[in-house]
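Listing of data.json; format and content: JSON, C-alpha atoms and all ligand atoms.
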[["chain", "number", "residue", "atom", "x", "y", "z"],
["L", 1, "MET", "CA", 36.39, 5.67, 5.90],
["L", 2, "THR", "CA", 32.89, 5.64, 4.53],
["L", 3, "GLN", "CA", 30.76, 2.68, 5.44],
["L", 4, "VAL", "CA", 27.88, 1.07, 3.59],
["L", 5, "GLN", "CA", 25.07, -0.70, 5.44],
["L", 6, "THR", "CA", 24.52, -4.38, 4.62],
["L", 7, "VAL", "CA", 22.22, -7.01, 6.10],
["L", 8, "LEU", "CA", 25.07, -8.24, 8.29],
["L", 9, "GLY", "CA", 26.17, -4.75, 9.32],
["L", 10, "PRO", "CA", 28.32, -1.92, 7.99],
["L", 11, "VAL", "CA", 31.26, -2.58, 5.65],
["L", 12, "GLU", "CA", 33.92, -0.22, 4.38],
["L", 13, "VAL", "CA", 33.10, 1.08, 0.92],
["L", 14, "SER", "CA", 36.56, -0.04, -0.20],
["L", 15, "ALA", "CA", 35.57, -3.63, 0.63],
["L", 16, "LEU", "CA", 32.49, -3.74, -1.60],
["L", 17, "GLY", "CA", 34.40, -5.12, -4.59],
["L", 18, "PRO", "CA", 32.59, -6.27, -7.74],
["L", 19, "THR", "CA", 28.96, -5.25, -7.23],
["L", 20, "LEU", "CA", 25.65, -6.01, -8.95],
["L", 21, "MET", "CA", 23.54, -2.92, -8.39],
["L", 22, "HIS", "CA", 20.04, -4.21, -9.17],
["L", 23, "GLU", "CA", 19.07, -7.69, -8.06],
["L", 24, "HIS", "CA", 16.31, -9.27, -6.00],
["L", 25, "ILE", "CA", 16.14, -12.41, -3.88],
["L", 26, "PHE", "CA", 12.39, -12.86, -3.49],
["L", 27, "ILE", "CA", 9.63, -10.78, -5.11],
["L", 28, "LEU", "CA", 6.16, -11.66, -3.98],
["L", 29, "THR", "CA", 2.70, -10.40, -3.16],
["L", 30, "ALA", "CA", 2.69, -10.70, 0.61],
["L", 31, "ASP", "CA", -1.01, -10.79, 1.41],
["L", 32, "VAL", "CA", -1.76, -13.23, -1.42],
["L", 33, "GLN", "CA", 1.07, -15.49, -0.27],
["L", 34, "GLN", "CA", -0.12, -15.35, 3.35],
["L", 35, "ASN", "CA", -3.48, -16.74, 2.28],
["L", 36, "TYR", "CA", -2.45, -19.01, -0.61],
["L", 37, "PRO", "CA", 1.00, -20.34, 0.33],
["L", 38, "GLU", "CA", 0.94, -23.51, -1.80],
["L", 39, "GLU", "CA", 3.08, -22.20, -4.67],
["L", 40, "TRP", "CA", 5.70, -20.73, -2.35],
["L", 41, "GLY", "CA", 5.81, -24.04, -0.53],
["L", 42, "ASP", "CA", 8.43, -24.68, 2.11],
["L", 43, "GLU", "CA", 10.14, -21.61, 3.56],
["L", 44, "ASP", "CA", 13.33, -23.52, 4.40],
["L", 45, "GLN", "CA", 13.60, -24.85, 0.84],
["L", 46, "ARG", "CA", 13.13, -21.38, -0.64],
["L", 47, "ILE", "CA", 15.86, -20.01, 1.60],
["L", 48, "ALA", "CA", 18.19, -22.94, 0.85],
["L", 49, "ASP", "CA", 17.68, -22.37, -2.89],
["L", 50, "ALA", "CA", 18.57, -18.67, -2.57],
["L", 51, "VAL", "CA", 21.59, -19.49, -0.41],
["L", 52, "SER", "CA", 22.96, -21.94, -2.95],
["L", 53, "GLN", "CA", 22.47, -19.51, -5.86],
["L", 54, "LEU", "CA", 24.11, -16.65, -3.94],
["L", 55, "ARG", "CA", 27.03, -18.83, -2.80],
["L", 56, "ALA", "CA", 27.67, -19.65, -6.46],
["L", 57, "LEU", "CA", 27.56, -15.93, -7.25],
["L", 58, "ALA", "CA", 30.14, -15.16, -4.57],
["L", 59, "ALA", "CA", 32.30, -18.04, -5.84],
["L", 60, "ALA", "CA", 32.19, -16.40, -9.29],
["L", 61, "GLY", "CA", 33.83, -13.29, -7.82],
["L", 62, "ILE", "CA", 30.93, -10.95, -7.05],
["L", 63, "LYS", "CA", 31.34, -9.49, -3.55],
["L", 64, "THR", "CA", 28.19, -7.35, -3.18],
["L", 65, "ILE", "CA", 24.60, -7.21, -4.46],
["L", 66, "VAL", "CA", 21.96, -4.59, -3.91],
["L", 67, "ASP", "CA", 18.57, -6.23, -3.31],
["L", 68, "VAL", "CA", 16.29, -3.44, -4.51],
["L", 69, "THR", "CA", 13.09, -5.10, -3.27],
["L", 70, "VAL", "CA", 10.85, -2.50, -1.59],
["L", 71, "ILE", "CA", 7.24, -1.85, -0.53],
["L", 72, "GLY", "CA", 5.03, -3.22, -3.28],
["L", 73, "GLN", "CA", 7.41, -6.09, -4.00],
["L", 74, "GLY", "CA", 6.99, -8.08, -0.79],
["L", 75, "ARG", "CA", 10.16, -6.94, 1.00],
["L", 76, "TYR", "CA", 10.58, -9.01, 4.18],
["L", 77, "VAL", "CA", 13.99, -8.44, 5.73],
["L", 78, "PRO", "CA", 13.88, -11.21, 8.41],
["L", 79, "ARG", "CA", 13.85, -13.70, 5.52],
["L", 80, "ILE", "CA", 16.78, -11.90, 3.86],
["L", 81, "GLN", "CA", 18.64, -12.04, 7.17],
["L", 82, "ARG", "CA", 18.27, -15.84, 7.21],
["L", 83, "VAL", "CA", 19.77, -15.93, 3.71],
["L", 84, "ALA", "CA", 22.59, -13.47, 4.45],
["L", 85, "GLU", "CA", 23.69, -15.30, 7.59],
["L", 86, "GLN", "CA", 24.39, -18.36, 5.43],
["L", 87, "VAL", "CA", 26.30, -16.42, 2.74],
["L", 88, "PRO", "CA", 28.60, -14.18, 4.77],
["L", 89, "GLU", "CA", 31.07, -14.03, 1.86],
["L", 90, "LEU", "CA", 28.55, -11.86, -0.05],
["L", 91, "ASN", "CA", 27.51, -8.37, 1.05],
["L", 92, "ILE", "CA", 23.77, -7.87, 0.63],
["L", 93, "VAL", "CA", 22.60, -4.25, 0.66],
["L", 94, "VAL", "CA", 18.83, -3.83, 1.04],
["L", 95, "ALA", "CA", 16.70, -0.94, -0.12],
["L", 96, "THR", "CA", 13.78, 1.20, 0.90],
["L", 97, "GLY", "CA", 11.19, 2.89, -1.25],
["L", 98, "CYS", "CA", 7.94, 2.09, -2.97],
["L", 99, "TYR", "CA", 7.27, 0.32, -6.25],
["L", 100, "THR", "CA", 4.26, 1.51, -8.18],
["L", 101, "PHE", "CA", 3.60, 2.42, -11.80],
["L", 102, "ASP", "CA", 0.62, 4.62, -10.96],
["L", 103, "GLU", "CA", -1.13, 5.12, -7.61],
["L", 104, "VAL", "CA", 0.45, 4.94, -4.16],
["L", 105, "PRO", "CA", -0.60, 2.02, -1.94],
["L", 106, "LEU", "CA", -3.90, 2.74, -0.17],
["L", 107, "PHE", "CA", -2.04, 2.96, 3.16],
["L", 108, "PHE", "CA", -0.50, 6.20, 1.94],
["L", 109, "SER", "CA", -3.25, 7.60, -0.26],
["L", 110, "ARG", "CA", -5.06, 9.47, 2.52],
["L", 111, "ARG", "CA", -1.98, 10.08, 4.66],
["L", 112, "THR", "CA", -0.93, 13.15, 2.73],
["L", 113, "PRO", "CA", 0.93, 16.21, 3.97],
["L", 114, "GLN", "CA", -2.30, 18.21, 3.52],
["L", 115, "VAL", "CA", -4.32, 15.81, 5.68],
["L", 116, "GLU", "CA", -1.58, 15.82, 8.32],
["L", 117, "ALA", "CA", -1.77, 19.63, 8.38],
["L", 118, "SER", "CA", -5.56, 19.59, 8.63],
["L", 119, "LEU", "CA", -5.20, 17.39, 11.73],
["L", 120, "GLY", "CA", -2.91, 19.96, 13.30],
["L", 121, "ARG", "CA", 0.30, 18.04, 12.69],
["L", 122, "ALA", "CA", 3.40, 19.00, 10.73],
["L", 123, "GLU", "CA", 2.81, 19.16, 6.97],
["L", 124, "ARG", "CA", 5.15, 16.42, 5.85],
["L", 125, "ASP", "CA", 4.99, 13.23, 3.84],
["L", 126, "ILE", "CA", 4.90, 10.19, 6.10],
["L", 127, "MET", "CA", 6.27, 8.19, 3.17],
["L", 128, "ALA", "CA", 9.56, 10.11, 3.21],
["L", 129, "ASP", "CA", 9.68, 9.72, 7.01],
["L", 130, "PHE", "CA", 9.31, 5.94, 6.64],
["L", 131, "PHE", "CA", 12.18, 5.81, 4.14],
["L", 132, "VAL", "CA", 14.40, 7.88, 6.45],
["L", 133, "ARG", "CA", 13.55, 5.56, 9.35],
["L", 134, "ASP", "CA", 14.57, 2.53, 7.26],
["L", 135, "ILE", "CA", 17.91, 4.18, 6.47],
["L", 136, "GLU", "CA", 18.74, 5.67, 9.86],
["L", 137, "GLU", "CA", 17.13, 3.27, 12.36],
["L", 138, "GLY", "CA", 16.57, 0.07, 10.41],
["L", 139, "ILE", "CA", 13.73, -1.78, 8.74],
["L", 140, "GLY", "CA", 10.90, -3.13, 10.88],
["L", 141, "ARG", "CA", 12.37, -4.61, 14.05],
["L", 142, "THR", "CA", 15.45, -6.09, 12.33],
["L", 143, "GLY", "CA", 17.89, -3.24, 12.89],
["L", 144, "VAL", "CA", 19.01, -3.75, 9.27],
["L", 145, "GLN", "CA", 19.51, -0.33, 7.70],
["L", 146, "ALA", "CA", 18.62, 0.30, 4.07],
["L", 147, "GLY", "CA", 21.51, 1.39, 1.84],
["L", 148, "MET", "CA", 19.60, 2.54, -1.21],
["L", 149, "LEU", "CA", 16.33, 4.22, -2.19],
["L", 150, "LYS", "CA", 14.14, 2.88, -4.96],
["L", 151, "CYS", "CA", 11.10, 4.01, -6.94],
["L", 152, "ALA", "CA", 9.60, 3.36, -10.35],
["L", 153, "VAL", "CA", 8.65, 5.53, -13.30],
["L", 154, "ASP", "CA", 7.15, 3.19, -15.87],
["L", 155, "GLU", "CA", 5.40, 3.68, -19.21],
["L", 156, "LYS", "CA", 2.66, 5.90, -17.69],
["L", 157, "GLY", "CA", 5.29, 8.40, -16.55],
["L", 158, "LEU", "CA", 4.87, 10.79, -13.65],
["L", 159, "THR", "CA", 1.31, 10.08, -12.55],
["L", 160, "GLY", "CA", 0.24, 11.72, -9.29],
["L", 161, "GLY", "CA", 1.26, 8.68, -7.27],
["L", 162, "VAL", "CA", 4.56, 8.12, -9.07],
["L", 163, "ASP", "CA", 5.47, 11.82, -8.72],
["L", 164, "ARG", "CA", 4.77, 11.63, -4.97],
["L", 165, "VAL", "CA", 6.98, 8.56, -4.50],
["L", 166, "LEU", "CA", 9.81, 10.04, -6.59],
["L", 167, "ARG", "CA", 9.70, 13.21, -4.49],
["L", 168, "ALA", "CA", 9.57, 11.24, -1.22],
["L", 169, "VAL", "CA", 12.60, 9.21, -2.37],
["L", 170, "ALA", "CA", 14.48, 12.38, -3.37],
["L", 171, "GLN", "CA", 13.62, 14.01, -0.01],
["L", 172, "ALA", "CA", 14.83, 10.96, 1.92],
["L", 173, "HIS", "CA", 18.00, 11.06, -0.20],
["L", 174, "THR", "CA", 18.71, 14.71, 0.63],
["L", 175, "ARG", "CA", 17.96, 14.08, 4.32],
["L", 176, "THR", "CA", 20.15, 10.97, 4.65],
["L", 177, "GLY", "CA", 22.63, 10.92, 1.77],
["L", 178, "ALA", "CA", 21.42, 7.46, 0.65],
["L", 179, "PRO", "CA", 21.64, 6.90, -3.12],
["L", 180, "ILE", "CA", 18.68, 6.35, -5.45],
["L", 181, "THR", "CA", 17.79, 3.79, -8.10],
["L", 182, "ILE", "CA", 14.80, 4.33, -10.37],
["L", 183, "HIS", "CA", 13.04, 1.60, -12.33],
["L", 184, "THR", "CA", 12.30, 3.15, -15.73],
["L", 185, "HIS", "CA", 10.59, 2.15, -18.96],
["L", 186, "ALA", "CA", 13.49, 3.09, -21.19],
["L", 187, "ALA", "CA", 11.52, 3.17, -24.44],
["L", 188, "SER", "CA", 9.24, 5.90, -23.04],
["L", 189, "GLN", "CA", 12.22, 8.16, -22.32],
["L", 190, "HIS", "CA", 10.85, 9.74, -19.14],
["L", 191, "GLY", "CA", 14.40, 10.72, -18.10],
["L", 192, "PRO", "CA", 14.02, 14.48, -18.69],
["L", 193, "ALA", "CA", 10.84, 14.60, -16.56],
["L", 194, "ILE", "CA", 12.61, 12.61, -13.82],
["L", 195, "LEU", "CA", 15.55, 15.02, -13.97],
["L", 196, "ASP", "CA", 13.18, 17.98, -13.48],
["L", 197, "VAL", "CA", 11.78, 16.49, -10.25],
["L", 198, "LEU", "CA", 15.21, 15.49, -8.95],
["L", 199, "ALA", "CA", 16.47, 19.02, -9.61],
["L", 200, "GLN", "CA", 13.45, 20.57, -7.83],
["L", 201, "GLU", "CA", 14.13, 18.35, -4.81],
["L", 202, "GLY", "CA", 17.85, 19.12, -4.79],
["L", 203, "ALA", "CA", 19.08, 15.56, -5.43],
["L", 204, "ASP", "CA", 22.73, 14.79, -6.12],
["L", 205, "LEU", "CA", 22.49, 13.33, -9.64],
["L", 206, "SER", "CA", 25.85, 11.59, -9.28],
["L", 207, "ARG", "CA", 24.15, 9.25, -6.75],
["L", 208, "VAL", "CA", 21.20, 8.29, -8.97],
["L", 209, "VAL", "CA", 20.89, 5.20, -11.18],
["L", 210, "LEU", "CA", 18.47, 5.30, -14.12],
["L", 211, "GLY", "CA", 17.50, 1.64, -14.03],
["L", 212, "HIS", "CA", 16.70, -0.66, -16.94],
["L", 213, "SER", "CA", 18.42, 1.69, -19.38],
["L", 214, "GLY", "CA", 19.71, -1.32, -21.31],
["L", 215, "ASP", "CA", 16.20, -2.25, -22.41],
["L", 216, "VAL", "CA", 16.56, 0.07, -25.40],
["L", 217, "THR", "CA", 19.22, -0.06, -28.06],
["L", 218, "GLN", "CA", 19.17, 3.63, -28.94],
["L", 219, "PRO", "CA", 22.25, 5.19, -27.31],
["L", 220, "ASP", "CA", 21.70, 8.92, -27.86],
["L", 221, "TYR", "CA", 18.95, 9.24, -25.24],
["L", 222, "LEU", "CA", 21.08, 7.28, -22.78],
["L", 223, "GLN", "CA", 24.11, 9.44, -23.46],
["L", 224, "SER", "CA", 22.05, 12.58, -22.79],
["L", 225, "MET", "CA", 21.04, 11.11, -19.40],
["L", 226, "ALA", "CA", 24.66, 10.22, -18.58],
["L", 227, "ASP", "CA", 25.79, 13.68, -19.70],
["L", 228, "ALA", "CA", 23.22, 15.12, -17.25],
["L", 229, "GLY", "CA", 25.00, 13.20, -14.48],
["L", 230, "LEU", "CA", 22.94, 10.05, -14.05],
["L", 231, "THR", "CA", 24.34, 6.53, -14.01],
["L", 232, "LEU", "CA", 22.75, 4.10, -16.46],
["L", 233, "GLY", "CA", 21.60, 0.73, -15.14],
["L", 234, "MET", "CA", 22.52, -1.87, -17.76],
["L", 235, "ASP", "CA", 20.83, -4.16, -15.37],
["L", 236, "ARG", "CA", 18.56, -6.70, -17.04],
["L", 237, "PHE", "CA", 21.07, -9.05, -18.61],
["L", 238, "GLY", "CA", 19.24, -12.30, -19.26],
["L", 239, "ILE", "CA", 15.78, -10.75, -19.73],
["L", 240, "ASP", "CA", 15.63, -11.32, -23.47],
["L", 241, "HIS", "CA", 11.99, -10.18, -23.69],
["L", 242, "PHE", "CA", 13.02, -6.53, -24.01],
["L", 243, "ALA", "CA", 16.45, -6.83, -25.65],
["L", 244, "SER", "CA", 18.65, -9.76, -26.64],
["L", 245, "PHE", "CA", 22.02, -10.59, -25.13],
["L", 246, "THR", "CA", 23.93, -9.09, -28.08],
["L", 247, "GLU", "CA", 21.71, -5.98, -28.14],
["L", 248, "ARG", "CA", 22.36, -5.39, -24.42],
["L", 249, "ALA", "CA", 26.07, -6.18, -24.58],
["L", 250, "ASP", "CA", 26.69, -4.24, -27.80],
["L", 251, "LEU", "CA", 24.98, -1.20, -26.26],
["L", 252, "VAL", "CA", 27.38, -1.37, -23.30],
["L", 253, "ILE", "CA", 30.29, -1.59, -25.75],
["L", 254, "LYS", "CA", 28.98, 1.41, -27.70],
["L", 255, "LEU", "CA", 28.57, 3.51, -24.55],
["L", 256, "CYS", "CA", 32.07, 2.51, -23.40],
["L", 257, "GLN", "CA", 33.42, 3.63, -26.77],
["L", 258, "ARG", "CA", 31.75, 6.99, -26.14],
["L", 259, "GLY", "CA", 33.71, 7.28, -22.91],
["L", 260, "LEU", "CA", 30.78, 6.55, -20.59],
["L", 261, "ALA", "CA", 32.07, 3.47, -18.72],
["L", 262, "ASP", "CA", 32.10, 5.53, -15.51],
["L", 263, "HIS", "CA", 28.33, 6.06, -15.94],
["L", 264, "LEU", "CA", 27.33, 2.39, -16.32],
["L", 265, "VAL", "CA", 26.54, -0.37, -13.84],
["L", 266, "LEU", "CA", 25.77, -4.01, -14.65],
["L", 267, "SER", "CA", 23.17, -6.38, -13.19],
["L", 268, "HIS", "CA", 20.44, -8.93, -13.99],
["L", 269, "ASP", "CA", 17.29, -7.81, -12.11],
["L", 270, "TYR", "CA", 17.07, -11.51, -11.23],
["L", 271, "SER", "CA", 14.99, -12.99, -8.43],
["L", 272, "CYS", "CA", 15.11, -16.55, -7.04],
["L", 273, "TYR", "CA", 11.32, -16.42, -6.72],
["L", 274, "LEU", "CA", 8.90, -14.03, -8.43],
["L", 275, "ASP", "CA", 5.15, -14.52, -8.10],
["L", 276, "TRP", "CA", 4.14, -11.98, -10.75],
["L", 277, "PHE", "CA", 4.27, -14.67, -13.44],
["L", 278, "PRO", "CA", 2.83, -18.20, -13.46],
["L", 279, "PRO", "CA", 5.29, -21.03, -12.87],
["L", 280, "GLY", "CA", 7.04, -22.04, -16.08],
["L", 281, "SER", "CA", 6.22, -18.87, -18.00],
["L", 282, "LEU", "CA", 9.76, -17.50, -17.71],
["L", 283, "ASP", "CA", 11.52, -20.79, -18.41],
["L", 284, "ASP", "CA", 12.58, -19.54, -21.85],
["L", 285, "LEU", "CA", 14.91, -17.04, -20.15],
["L", 286, "HIS", "CA", 17.77, -19.54, -19.96],
["L", 287, "ASP", "CA", 20.41, -16.92, -19.15],
["L", 288, "TRP", "CA", 18.43, -15.11, -16.47],
["L", 289, "HIS", "CA", 20.34, -15.99, -13.31],
["L", 290, "TYR", "CA", 22.92, -14.39, -11.02],
["L", 291, "LEU", "CA", 25.92, -15.78, -12.95],
["L", 292, "HIS", "CA", 25.18, -14.45, -16.43],
["L", 293, "VAL", "CA", 27.20, -11.23, -16.05],
["L", 294, "SER", "CA", 30.21, -13.08, -14.63],
["L", 295, "HIS", "CA", 30.13, -16.06, -17.01],
["L", 296, "ASP", "CA", 28.90, -14.56, -20.28],
["L", 297, "VAL", "CA", 28.66, -10.75, -20.30],
["L", 298, "ILE", "CA", 32.14, -9.85, -19.03],
["L", 299, "PRO", "CA", 33.94, -12.32, -21.37],
["L", 300, "TYR", "CA", 31.92, -10.95, -24.32],
["L", 301, "LEU", "CA", 32.74, -7.33, -23.41],
["L", 302, "ARG", "CA", 36.45, -8.18, -23.06],
["L", 303, "ALA", "CA", 36.46, -10.00, -26.40],
["L", 304, "HIS", "CA", 34.98, -6.89, -28.04],
["L", 305, "GLY", "CA", 37.51, -4.36, -26.78],
["L", 306, "VAL", "CA", 36.13, -3.23, -23.43],
["L", 307, "THR", "CA", 39.20, -2.77, -21.24],
["L", 308, "PRO", "CA", 39.78, -4.22, -17.76],
["L", 309, "ASP", "CA", 39.76, -0.64, -16.45],
["L", 310, "GLN", "CA", 36.32, 0.01, -17.98],
["L", 311, "ILE", "CA", 35.00, -3.24, -16.49],
["L", 312, "ASP", "CA", 36.44, -2.22, -13.12],
["L", 313, "ALA", "CA", 34.58, 1.09, -13.46],
["L", 314, "MET", "CA", 31.24, -0.62, -14.14],
["L", 315, "LEU", "CA", 31.54, -3.36, -11.51],
["L", 316, "VAL", "CA", 33.61, -1.76, -8.74],
["L", 317, "ARG", "CA", 34.35, 1.98, -8.87],
["L", 318, "THR", "CA", 30.97, 3.36, -9.90],
["L", 319, "PRO", "CA", 28.98, 1.13, -7.49],
["L", 320, "ALA", "CA", 31.34, 2.19, -4.69],
["L", 321, "ARG", "CA", 30.94, 5.86, -5.61],
["L", 322, "ILE", "CA", 27.15, 5.60, -5.71],
["L", 323, "LEU", "CA", 26.74, 3.51, -2.55],
["L", 324, "GLY", "CA", 29.48, 5.19, -0.57],
["L", 325, "GLY", "CA", 29.09, 8.79, -1.71],
["D", 401, "ZN", "ZN", 14.07, -4.95, -10.20]]

Represent the supplied structure as structure tokens.
Amino acid sequence: MTQVQTVLGPVEVSALGPTLMHEHIFILTADVQQNYPEEWGDEDQRIADAVSQLRALAAAGIKTIVDVTVIGQGRYVPRIQRVAEQVPELNIVVATGCYTFDEVPLFFSRRTPQVEASLGRAERDIMADFFVRDIEEGIGRTGVQAGMLKCAVDEKGLTGGVDRVLRAVAQAHTRTGAPITIHTHAASQHGPAILDVLAQEGADLSRVVLGHSGDVTQPDYLQSMADAGLTLGMDRFGIDHFASFTERADLVIKLCQRGLADHLVLSHDYSCYLDWFPPGSLDDLHDWHYLHVSHDVIPYLRAHGVTPDQIDAMLVRTPARILGG
């Protein structure tokens, strides 16, 4: 049996159950928070808040989430361990990778394969080695192994830094077999350029999620990406700033009608705490929480002709195929 790594250890892929493939627990700017901790406040309260929201999610029937928080988003796995220990009924898969829309973090910018070679060492990208370490040995000193790789290709497309991260992610994928999720700016339609890089690096496209695909309402581009083998992340339910509830849900219905249910996964891209926006500025997103898919999206899809088998594909079978291989 294939196993998937979670914060609390490996689980059988058959035990993953209904899965949300793109969530967060905490997104923050670590060095700002270390120096200006007032907004974050009490660590125990933040953890208790996440625990209560995730317990409610598990009670709603979701068995697994992928927390796709990586370098650049304040990933801190000891904190996630404290949460996971208090919600053992929910599998939490954590990720490795790097989140940037343009340049790589300065740590990596001069640690290039060329510089390594000039110093007489093997010509390889330390970034890919870090990702492999997170997957094979565990993150930091936690022993928690990452179960997914993550990068971002936003509106600017494949800048030098973004291209490097995408290639490092693809190389770590081919070395370890871990699946990939890619934040995209759907309206910019960078999918073909992403496919070119993935093909050059020999990635298995059936293990790659094209994230935030539901931010656009134009299905033909998305179908071409699914036809190429990618899975489409319909994964920002509740973020009405890019597309409304009905636009997002009706797009899922349309893609299901085209026979693509096996190429869709559902999620919210929610986070219990996110310091990229001032407090209160996201309060208009009333449906942006972990329960929206379970309470609102699934009933709407069912009422509009999406079958139980198609919902099973989006929530259970396709996540298991991607995570488990
Ligand atoms: Zn996200």

> Could you tell me, as an MDAnalysis selection string, which residues have any atom at most 12 Å from (26.2, -10.7, -25.8), counting all atoms listed in the file?
Replying inline: chainID L and resid 237:238 240 243:253 287 292:293 295:304

>> Around ligand ZN 401 (chain D), which protein and nucleic acid residues have at least one atom no more than 9 Å from it, if we count all atoms listed in the file? List them as a VMD selection string.
In response: chain L and resid 22 to 24 27 67 to 69 183 211 to 212 235 to 236 268 to 271

> If you count only C-alpha atoms, which residues fall within 9 Å of Ser213 in chain L, apart from same-chain ones fewer than 6 positions away, as number ranges by chain?
Replying inline: L: 183-187, 222, 232-236

> So which one's closest to Thr142 in chain L, L:Gln34, L:Ser118, L:Gln81, L:Ser188? Using all atoms listed in the file, please.
Replying inline: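 Going through L:Gln34, L:Ser118, L:Gln81, L:Ser188 one by one, the smallest distance to Thr142 in chain L is for L:Gln81.
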
List as a tab-separated table every residue of range 109-228 of chain L that is in contact with range 98-101 of chain L, defined as an atom at most 7 Å from one of its atoms (using all atoms listed in the file), together with the nearest atom pair and the distance in Å rounded to one decimal, sorted by chain and then rising number.
residue	atom	partner	partner_atom	distance
L:Lys150	CA	L:Cys98	CA	6.6
L:Cys151	CA	L:Tyr99	CA	5.4
L:Ala152	CA	L:Tyr99	CA	5.6
L:Val153	CA	L:Phe101	CA	6.1
L:Asp154	CA	L:Phe101	CA	5.5
L:Lys156	CA	L:Phe101	CA	6.9
L:Val162	CA	L:Phe101	CA	6.4
L:Val165	CA	L:Cys98	CA	6.7

Store the residues of this selection in a file with C-alpha atoms, as a JSON list (two decimals), in the frame of the given file.
[["chain", "number", "residue", "atom", "x", "y", "z"],
["L", 150, "LYS", "CA", 14.14, 2.88, -4.96],
["L", 151, "CYS", "CA", 11.10, 4.01, -6.94],
["L", 152, "ALA", "CA", 9.60, 3.36, -10.35],
["L", 153, "VAL", "CA", 8.65, 5.53, -13.30],
["L", 154, "ASP", "CA", 7.15, 3.19, -15.87],
["L", 156, "LYS", "CA", 2.66, 5.90, -17.69],
["L", 162, "VAL", "CA", 4.56, 8.12, -9.07],
["L", 165, "VAL", "CA", 6.98, 8.56, -4.50]]

>> One number please: CA of Ala320 in chain L to CA of Val4 in chain L, in Å, one decimal.
In response: 9.0 Å

Counting all atoms listed in the file, which residues of range 248-325 of chain L fall within 12 Å of range 11-20 of chain L, and what is the closest atom pair for each with its distance in Å at one decimal, ordered by chain and rising number, as JSON lines?
{"residue": "L:Leu264", "atom": "CA", "partner": "L:Leu20", "partner_atom": "CA", "distance": 11.3}
{"residue": "L:Val265", "atom": "CA", "partner": "L:Leu20", "partner_atom": "CA", "distance": 7.5}
{"residue": "L:Leu266", "atom": "CA", "partner": "L:Leu20", "partner_atom": "CA", "distance": 6.0}
{"residue": "L:Ser267", "atom": "CA", "partner": "L:Leu20", "partner_atom": "CA", "distance": 4.9}
{"residue": "L:His268", "atom": "CA", "partner": "L:Leu20", "partner_atom": "CA", "distance": 7.8}
{"residue": "L:Asp269", "atom": "CA", "partner": "L:Leu20", "partner_atom": "CA", "distance": 9.1}
{"residue": "L:Tyr270", "atom": "CA", "partner": "L:Leu20", "partner_atom": "CA", "distance": 10.4}
{"residue": "L:Tyr290", "atom": "CA", "partner": "L:Leu20", "partner_atom": "CA", "distance": 9.1}
{"residue": "L:Leu291", "atom": "CA", "partner": "L:Leu20", "partner_atom": "CA", "distance": 10.6}
{"residue": "L:His292", "atom": "CA", "partner": "L:Leu20", "partner_atom": "CA", "distance": 11.3}
{"residue": "L:Val293", "atom": "CA", "partner": "L:Leu20", "partner_atom": "CA", "distance": 8.9}
{"residue": "L:Ser294", "atom": "CA", "partner": "L:Pro18", "partner_atom": "CA", "distance": 10.0}
{"residue": "L:Ile298", "atom": "CA", "partner": "L:Pro18", "partner_atom": "CA", "distance": 11.9}
{"residue": "L:Ile311", "atom": "CA", "partner": "L:Pro18", "partner_atom": "CA", "distance": 9.6}
{"residue": "L:Asp312", "atom": "CA", "partner": "L:Pro18", "partner_atom": "CA", "distance": 7.8}
{"residue": "L:Ala313", "atom": "CA", "partner": "L:Pro18", "partner_atom": "CA", "distance": 9.5}
{"residue": "L:Met314", "atom": "CA", "partner": "L:Thr19", "partner_atom": "CA", "distance": 8.6}
{"residue": "L:Leu315", "atom": "CA", "partner": "L:Pro18", "partner_atom": "CA", "distance": 4.9}
{"residue": "L:Val316", "atom": "CA", "partner": "L:Pro18", "partner_atom": "CA", "distance": 4.7}
{"residue": "L:Arg317", "atom": "CA", "partner": "L:Gly17", "partner_atom": "CA", "distance": 8.3}
{"residue": "L:Thr318", "atom": "CA", "partner": "L:Thr19", "partner_atom": "CA", "distance": 9.2}
{"residue": "L:Pro319", "atom": "CA", "partner": "L:Thr19", "partner_atom": "CA", "distance": 6.4}
{"residue": "L:Ala320", "atom": "CA", "partner": "L:Val13", "partner_atom": "CA", "distance": 6.0}
{"residue": "L:Arg321", "atom": "CA", "partner": "L:Val13", "partner_atom": "CA", "distance": 8.4}
{"residue": "L:Ile322", "atom": "CA", "partner": "L:Val13", "partner_atom": "CA", "distance": 10.0}
{"residue": "L:Leu323", "atom": "CA", "partner": "L:Val13", "partner_atom": "CA", "distance": 7.6}
{"residue": "L:Gly324", "atom": "CA", "partner": "L:Val13", "partner_atom": "CA", "distance": 5.7}
{"residue": "L:Gly325", "atom": "CA", "partner": "L:Val13", "partner_atom": "CA", "distance": 9.1}

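CA of Ala203 in chain L is positioned 11.1 Å from CA of Gly229 in chain L.
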
Give me the residues near range 52-56 of chain L as an mmCIF file with C-alpha atoms, in the frame of the given file, where near means some atom within 8 Å (using all atoms listed in the file) and where sequence neighbours in that chain fewer than 3 positions away do not count.
data_model
loop_
_atom_site.group_PDB
_atom_site.id
_atom_site.type_symbol
_atom_site.label_atom_id
_atom_site.label_comp_id
_atom_site.auth_asym_id
_atom_site.auth_seq_id
_atom_site.Cartn_x
_atom_site.Cartn_y
_atom_site.Cartn_z
ATOM 1 C CA ALA L 48 18.190 -22.940 0.850
ATOM 2 C CA ASP L 49 17.680 -22.370 -2.890
ATOM 3 C CA ALA L 59 32.300 -18.040 -5.840
ATOM 4 C CA ALA L 60 32.190 -16.400 -9.290
ATOM 5 C CA VAL L 87 26.300 -16.420 2.740
ATOM 6 C CA GLU L 89 31.070 -14.030 1.860
ATOM 7 C CA LEU L 90 28.550 -11.860 -0.050
ATOM 8 C CA TYR L 290 22.920 -14.390 -11.020
ATOM 9 C CA LEU L 291 25.920 -15.780 -12.950
#
